[in-house]
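Undergrad: Got a structure here, written out as C-alpha cells. Questions coming.
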Amino acid sequence: WPVGQPVAFFGYGVAFREVTILPVADLLKVPTATPEWTALPVSALTAAGGLELVGKIQNFTAANPASVLVTGAAGGTGHIAVQWAKAMYGARVAGTCGSAAKADMLISLGADVVVNYRTSPNVEEELGKAFPGGFDIVYDGVGGRIGDVGRRLLSPTGVFIGIGSVSEDYSNSKGPDSENKLETKKIGVKEGQTEKFFFMPAAAKMFGRAKWDDVIARTVDSIATGKVRVVLDKESEKYSGIEGVYLAQQHVRTGHNIGKIYASFPRD
C-alpha cells in the first residue's frame, strides 16, 4: 500500500490514541481521510450487517418490501440503518428519536414515519396506526420502554435485532433515560418471532468470512458513492486530540447528538 493510503480500522483495544501500529489485514481501505469514514468500522457495518445477516432484509422484494422500525434512529448507527433499509432495499421505514431536529434529519434521509418519543402521547399507538401489520424487522439500539414497544409491534414472523441499550448504558445519569425506562419487566417475543443480538466484531465467525467481506465491500461502496450519507454531528467539529475524545464521550451521554460523533487529530 502506498504511504498515506487512508484507512479505517475497528480499533479494539487500539483506539483513542494518536499513533498505532496494526497488521495490514486489520485495515480497510477508504477513499479519503475525512470524518465520515469514522462511521464505517462500527456504526455503518453494524447497521448493514444486522439488517442483512440477522434481519435478512435482502429476502424481501420490491413488490413486498420489508417494514422496518429503527429505534435511536438519529444516532450514529441508527441513521445509517434507516438509509440501508430505505435506499438499498426499498423498505418502508419508521424511526424513533428524541427531538424535532432529529426528526427533521430522519425525514430528509427518507424515513416514512418518525415518532418523537419525548413528545408523542403514545409511541406504540402512533407506530401501530402507521404499520397495522407490524414490523418485519426491528433494529433496536436503545432498549428500555421503546425497545419493548418494538417487540410488541413485531409482525407474526418478525425479527428483533438488538445491538445495544444506549439509553440505559450511556445516559448522563446513574440510571436509564428517564423518558425511556421500562414500565414493566422486559417482555419477550412470541412464538414465530425471533430476537437476536448482533455483535458486529463476531460477524465473520458467526456468518463466515466471505459473507462478511461482501458486507464490508458494499458498505464502503455505499458511502463512497453517496447511496448512504453519513450525517456528522455538528458539535463534533470542535472535538480535537485526546482531550476531544473525552468531550465526544461526554456528548454521547447527553443523547443530544444528531448523527455520528467523532473526534479529529490534527496533522502536525
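Just so we're on the same page: first chain in the C-alpha cells is A, next is B, and so on; residues restart at 1 for each chain, and ligands are numbered from 1 in the order they show up.
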Can you tell me which residues surround Gly78 of chain A at a distance of at most 9 Å, considering only C-alpha atoms, apart from same-chain residues fewer than 2 positions away, and format the answer as a list of chain:residue names?
TA: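 Result of the neighbour search: A:Ser43, A:Ala44, A:Ala47, A:Val70, A:Thr71, A:Gly72, A:Ala73, A:Ala74, A:Gly75, A:Gly76, A:Ile80, A:Ala81, A:Val82, A:Gln83, A:Gly95, A:Tyr139, A:Asp140, A:Gly141, A:Gly259.
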Undergrad: Would you mind listing what lies within 12 Å of Trp212 of chain A as a list of chain:residue names, with only C-alpha atoms counted and same-chain residues fewer than 6 positions away left out?
TA: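 Counting only the stated atoms, we get A:Leu45, A:Thr46, A:Ala48, A:Gly49, A:Gly50, A:Glu52, A:Leu53, A:Met200, A:Pro201, A:Ala202, A:Ala203, A:Ala204, A:Lys205, A:Met206, A:Arg218, A:Thr219.
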Undergrad: Taking the chain letters and numbering used in this document, name the residues of segment 5-102 of chain A that DSSP puts in alpha helix (DSSP H), as an MDAnalysis selection string.
TA: chainID A and resid 45:49 78:83 89 100:102
Undergrad: Could the residues in this selection be written to a file with N, CA, C and O atoms, as a short mmCIF file (atom, residue, chain, number, x, y, z; two decimals), in the first residue's frame?
TA:
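Final output, result_16.cif:
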```cif
data_model
loop_
_atom_site.label_atom_id
_atom_site.label_comp_id
_atom_site.auth_asym_id
_atom_site.auth_seq_id
_atom_site.Cartn_x
_atom_site.Cartn_y
_atom_site.Cartn_z
N LEU A 45 -21.25 -0.66 9.64
CA LEU A 45 -21.21 -2.11 9.47
C LEU A 45 -22.14 -2.83 10.43
O LEU A 45 -22.64 -3.91 10.12
N THR A 46 -22.41 -2.24 11.58
CA THR A 46 -23.42 -2.82 12.46
C THR A 46 -24.80 -2.72 11.81
O THR A 46 -25.59 -3.68 11.85
N ALA A 47 -25.08 -1.59 11.19
CA ALA A 47 -26.38 -1.41 10.52
C ALA A 47 -26.53 -2.37 9.35
O ALA A 47 -27.52 -3.10 9.25
N ALA A 48 -25.55 -2.38 8.46
CA ALA A 48 -25.63 -3.23 7.27
C ALA A 48 -25.63 -4.71 7.65
O ALA A 48 -26.45 -5.50 7.16
N GLY A 49 -24.72 -5.08 8.55
CA GLY A 49 -24.64 -6.48 8.94
C GLY A 49 -25.86 -6.94 9.71
O GLY A 49 -26.38 -8.04 9.48
N GLY A 78 -28.06 4.31 13.91
CA GLY A 78 -29.48 4.35 13.56
C GLY A 78 -29.75 5.04 12.24
O GLY A 78 -30.53 4.54 11.42
N HIS A 79 -29.11 6.20 11.99
CA HIS A 79 -29.42 6.93 10.76
C HIS A 79 -28.89 6.19 9.53
O HIS A 79 -29.43 6.36 8.43
N ILE A 80 -27.88 5.36 9.72
CA ILE A 80 -27.40 4.55 8.60
C ILE A 80 -28.32 3.35 8.38
O ILE A 80 -28.61 2.98 7.24
N ALA A 81 -28.85 2.78 9.47
CA ALA A 81 -29.81 1.69 9.33
C ALA A 81 -31.05 2.15 8.58
O ALA A 81 -31.60 1.42 7.74
N VAL A 82 -31.52 3.36 8.87
CA VAL A 82 -32.67 3.91 8.15
C VAL A 82 -32.39 3.93 6.66
O VAL A 82 -33.21 3.49 5.84
N GLN A 83 -31.22 4.41 6.29
CA GLN A 83 -30.88 4.51 4.87
C GLN A 83 -30.62 3.15 4.24
O GLN A 83 -30.97 2.91 3.08
N TYR A 89 -32.80 -1.15 -0.01
CA TYR A 89 -33.77 -2.25 -0.16
C TYR A 89 -35.22 -1.81 -0.31
O TYR A 89 -36.11 -2.65 -0.36
N ALA A 100 -37.11 17.41 17.76
CA ALA A 100 -37.63 17.84 16.46
C ALA A 100 -36.52 17.92 15.42
O ALA A 100 -36.72 17.58 14.25
N ALA A 101 -35.33 18.36 15.84
CA ALA A 101 -34.21 18.45 14.90
C ALA A 101 -33.82 17.06 14.39
O ALA A 101 -33.49 16.89 13.21
N LYS A 102 -33.85 16.08 15.28
CA LYS A 102 -33.54 14.72 14.85
C LYS A 102 -34.60 14.20 13.89
O LYS A 102 -34.28 13.53 12.89
#
```
Undergrad: Env of segment 32-34 of chain A: 10 Å cut, atoms = only C-alpha atoms, seq-sep filter 4 positions within chain, self excluded. Answer as an mmCIF file with N, CA, C and O atoms, in the first residue's frame.
TA:
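File written: selection.cif
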```cif
data_model
loop_
_atom_site.group_PDB
_atom_site.id
_atom_site.type_symbol
_atom_site.label_atom_id
_atom_site.label_comp_id
_atom_site.auth_asym_id
_atom_site.auth_seq_id
_atom_site.Cartn_x
_atom_site.Cartn_y
_atom_site.Cartn_z
ATOM 1 N N GLY A 4 0.526 6.955 3.055
ATOM 2 C CA GLY A 4 -0.542 7.959 3.009
ATOM 3 C C GLY A 4 -1.886 7.407 2.598
ATOM 4 O O GLY A 4 -2.857 8.174 2.505
ATOM 5 N N GLN A 5 -1.984 6.090 2.343
ATOM 6 C CA GLN A 5 -3.272 5.483 1.993
ATOM 7 C C GLN A 5 -4.263 5.670 3.150
ATOM 8 O O GLN A 5 -4.008 5.230 4.271
ATOM 9 N N PRO A 6 -5.403 6.331 2.927
ATOM 10 C CA PRO A 6 -6.398 6.461 4.003
ATOM 11 C C PRO A 6 -6.977 5.088 4.361
ATOM 12 O O PRO A 6 -7.277 4.278 3.471
ATOM 13 N N VAL A 7 -7.114 4.820 5.640
ATOM 14 C CA VAL A 7 -7.660 3.544 6.089
ATOM 15 C C VAL A 7 -8.594 3.774 7.270
ATOM 16 O O VAL A 7 -8.555 4.809 7.937
ATOM 17 N N ALA A 8 -9.435 2.794 7.497
ATOM 18 C CA ALA A 8 -10.243 2.723 8.706
ATOM 19 C C ALA A 8 -9.906 1.403 9.381
ATOM 20 O O ALA A 8 -9.442 0.462 8.735
ATOM 21 N N THR A 38 -15.243 7.672 9.856
ATOM 22 C CA THR A 38 -15.258 7.175 11.235
ATOM 23 C C THR A 38 -16.515 6.348 11.500
ATOM 24 O O THR A 38 -16.555 5.561 12.449
ATOM 25 N N ALA A 224 -19.068 5.684 -0.287
ATOM 26 C CA ALA A 224 -18.224 6.358 -1.278
ATOM 27 C C ALA A 224 -19.036 6.925 -2.429
ATOM 28 O O ALA A 224 -18.715 7.997 -2.962
ATOM 29 N N SER A 264 -11.257 14.622 16.001
ATOM 30 C CA SER A 264 -10.222 14.735 14.978
ATOM 31 C C SER A 264 -8.853 14.895 15.637
ATOM 32 O O SER A 264 -8.732 15.440 16.738
#
```
Undergrad: Excluding same-chain residues fewer than 4 positions from segment 234-250 of chain A, what lies within 7 Å of it counting only C-alpha atoms, as a PyMOL selection string?
TA: chain A and resi 16-17+254+261-265
Undergrad: Take the selection from the previous step and output its residues with C-alpha atoms, as a compact mmCIF listing (two decimals), in the first residue's frame.
TA:
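What landed in again.txt:
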```txt
# COMPACT_ATOMS: atom_id res chain seq x y z
CA PHE A 16 -8.30 6.78 21.14
CA ARG A 17 -4.60 7.36 20.50
CA THR A 254 -26.21 13.63 26.73
CA ILE A 261 -19.98 11.73 16.82
CA TYR A 262 -16.25 11.89 16.13
CA ALA A 263 -13.02 13.50 17.26
CA SER A 264 -10.22 14.73 14.98
CA PHE A 265 -6.47 14.56 15.39
```
Undergrad: Quote the spacing between atom CA of Phe197 of chain A and atom CA of Ile146 of chain A in Å to one decimal place.
TA: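 These atoms are spaced 16.3 Å apart.
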Undergrad: Work out how far apart atom CA of Asn59 of chain A and atom CA of Leu153 of chain A are and give it in Å to one decimal.
TA: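 Between these atoms lies a distance of 20.4 Å.
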Undergrad: Hey, what's within 12 Å of Ala63 of chain A if we count only C-alpha atoms and toss same-chain stuff fewer than 3 positions away? As number ranges by chain, please?
TA: A: 59-60, 66, 89-92
Undergrad: With all heavy atoms kept, could you save the residues just selected as a PDB file, in the first residue's frame?
TA:
```
ATOM      1  N   ASN A  59     -34.136 -10.621   1.552  1.00  0.00           N
ATOM      2  CA  ASN A  59     -35.088 -11.639   1.098  1.00  0.00           C
ATOM      3  C   ASN A  59     -36.450 -11.059   0.746  1.00  0.00           C
ATOM      4  O   ASN A  59     -37.295 -11.760   0.192  1.00  0.00           O
ATOM      5  CB  ASN A  59     -35.255 -12.723   2.164  1.00  0.00           C
ATOM      6  CG  ASN A  59     -34.004 -13.566   2.350  1.00  0.00           C
ATOM      7  OD1 ASN A  59     -33.095 -13.523   1.517  1.00  0.00           O
ATOM      8  ND2 ASN A  59     -33.946 -14.328   3.427  1.00  0.00           N
ATOM      9  N   PHE A  60     -36.654  -9.792   1.081  1.00  0.00           N
ATOM     10  CA  PHE A  60     -37.907  -9.143   0.700  1.00  0.00           C
ATOM     11  C   PHE A  60     -37.804  -8.638  -0.735  1.00  0.00           C
ATOM     12  O   PHE A  60     -36.707  -8.499  -1.277  1.00  0.00           O
ATOM     13  CB  PHE A  60     -38.232  -8.007   1.665  1.00  0.00           C
ATOM     14  CG  PHE A  60     -38.572  -8.482   3.057  1.00  0.00           C
ATOM     15  CD1 PHE A  60     -37.568  -8.744   3.983  1.00  0.00           C
ATOM     16  CD2 PHE A  60     -39.889  -8.684   3.425  1.00  0.00           C
ATOM     17  CE1 PHE A  60     -37.877  -9.198   5.259  1.00  0.00           C
ATOM     18  CE2 PHE A  60     -40.210  -9.139   4.702  1.00  0.00           C
ATOM     19  CZ  PHE A  60     -39.194  -9.403   5.621  1.00  0.00           C
ATOM     20  N   ALA A  66     -39.935  -4.880   2.957  1.00  0.00           N
ATOM     21  CA  ALA A  66     -39.930  -5.046   4.407  1.00  0.00           C
ATOM     22  C   ALA A  66     -40.469  -3.796   5.090  1.00  0.00           C
ATOM     23  O   ALA A  66     -40.327  -2.676   4.593  1.00  0.00           O
ATOM     24  CB  ALA A  66     -38.512  -5.328   4.888  1.00  0.00           C
ATOM     25  N   TYR A  89     -32.805  -1.151  -0.012  1.00  0.00           N
ATOM     26  CA  TYR A  89     -33.765  -2.247  -0.156  1.00  0.00           C
ATOM     27  C   TYR A  89     -35.216  -1.807  -0.314  1.00  0.00           C
ATOM     28  O   TYR A  89     -36.110  -2.645  -0.363  1.00  0.00           O
ATOM     29  CB  TYR A  89     -33.637  -3.210   1.033  1.00  0.00           C
ATOM     30  CG  TYR A  89     -32.369  -4.032   0.937  1.00  0.00           C
ATOM     31  CD1 TYR A  89     -31.258  -3.724   1.710  1.00  0.00           C
ATOM     32  CD2 TYR A  89     -32.272  -5.086   0.027  1.00  0.00           C
ATOM     33  CE1 TYR A  89     -30.085  -4.451   1.600  1.00  0.00           C
ATOM     34  CE2 TYR A  89     -31.106  -5.819  -0.086  1.00  0.00           C
ATOM     35  CZ  TYR A  89     -30.020  -5.503   0.692  1.00  0.00           C
ATOM     36  OH  TYR A  89     -28.846  -6.227   0.569  1.00  0.00           O
ATOM     37  N   GLY A  90     -35.468  -0.500  -0.386  1.00  0.00           N
ATOM     38  CA  GLY A  90     -36.820  -0.028  -0.654  1.00  0.00           C
ATOM     39  C   GLY A  90     -37.824  -0.344   0.434  1.00  0.00           C
ATOM     40  O   GLY A  90     -39.031  -0.423   0.179  1.00  0.00           O
ATOM     41  N   ALA A  91     -37.357  -0.525   1.653  1.00  0.00           N
ATOM     42  CA  ALA A  91     -38.259  -0.839   2.758  1.00  0.00           C
ATOM     43  C   ALA A  91     -39.104   0.365   3.137  1.00  0.00           C
ATOM     44  O   ALA A  91     -38.774   1.513   2.822  1.00  0.00           O
ATOM     45  CB  ALA A  91     -37.444  -1.302   3.968  1.00  0.00           C
ATOM     46  N   ARG A  92     -40.173   0.095   3.831  1.00  0.00           N
ATOM     47  CA  ARG A  92     -40.954   1.166   4.456  1.00  0.00           C
ATOM     48  C   ARG A  92     -40.433   1.287   5.875  1.00  0.00           C
ATOM     49  O   ARG A  92     -40.450   0.311   6.638  1.00  0.00           O
ATOM     50  CB  ARG A  92     -42.445   0.841   4.436  1.00  0.00           C
ATOM     51  CG  ARG A  92     -43.311   2.008   4.924  1.00  0.00           C
ATOM     52  CD  ARG A  92     -44.743   1.887   4.472  1.00  0.00           C
ATOM     53  NE  ARG A  92     -45.512   3.031   4.967  1.00  0.00           N
ATOM     54  CZ  ARG A  92     -46.401   2.968   5.944  1.00  0.00           C
ATOM     55  NH1 ARG A  92     -46.670   1.810   6.532  1.00  0.00           N
ATOM     56  NH2 ARG A  92     -47.040   4.050   6.342  1.00  0.00           N
TER      57      ARG A  92
END
```
Undergrad: Hey, what does DSSP flag as strand (DSSP E or B) within segment 48-218 of chain A? Can you give it to me as a PyMOL selection string?
TA: chain A and resi 67-70+92-97+113-116+135-140+154-162+194-197
Undergrad: Would you mind telling me which residue in A:Glu36, A:Asp104, A:Glu18, A:Asp148 lies nearest to Val123 of chain A when using only C-alpha atoms?
TA: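 Of the candidates, the smallest distance to Val123 of chain A is held by A:Asp148.
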Undergrad: Could you state the separation of atom CA of Lys86 of chain A and atom CA of Thr225 of chain A in Å, given to one decimal place?
TA: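 Pair atom CA of Lys86 of chain A / atom CA of Thr225 of chain A returns 15.9 Å.
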Undergrad: Which of these, A:Val30, A:Cys97, A:Val138, A:Val19, has the shortest distance to Ser222 of chain A once you count only C-alpha atoms?
TA: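 Of A:Val30, A:Cys97, A:Val138, A:Val19, the one nearest Ser222 of chain A, counting only C-alpha atoms, is A:Val30.
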Undergrad: Would you mind telling me which residue in A:Gln193, A:Pro156, A:Lys29, A:Ala85 lies nearest to Pro2 of chain A when using only C-alpha atoms?
TA: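 Looking only at the distances to Pro2 of chain A, the closest residue turns out to be A:Lys29.
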Undergrad: Counting only C-alpha atoms, which residue out of A:Gln58, A:Ser99, A:Asn64, A:Ser155 sits closest to Trp84 of chain A?
TA: A:Gln58
Undergrad: Can you work out which one of A:Ser165, A:Thr20, A:Thr157, A:Thr96 has the shortest atom-to-atom distance to Thr119 of chain A, counting only C-alpha atoms?
TA: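 Nearest candidate to Thr119 of chain A out of A:Ser165, A:Thr20, A:Thr157, A:Thr96: A:Thr96.
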Undergrad: Out of A:Leu106, A:Val220, A:Lys211, A:Gly158, which residue has the shortest atom-to-atom distance to Lys196 of chain A when counting only C-alpha atoms?
TA: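 Result for the nearest residue to Lys196 of chain A: A:Gly158.
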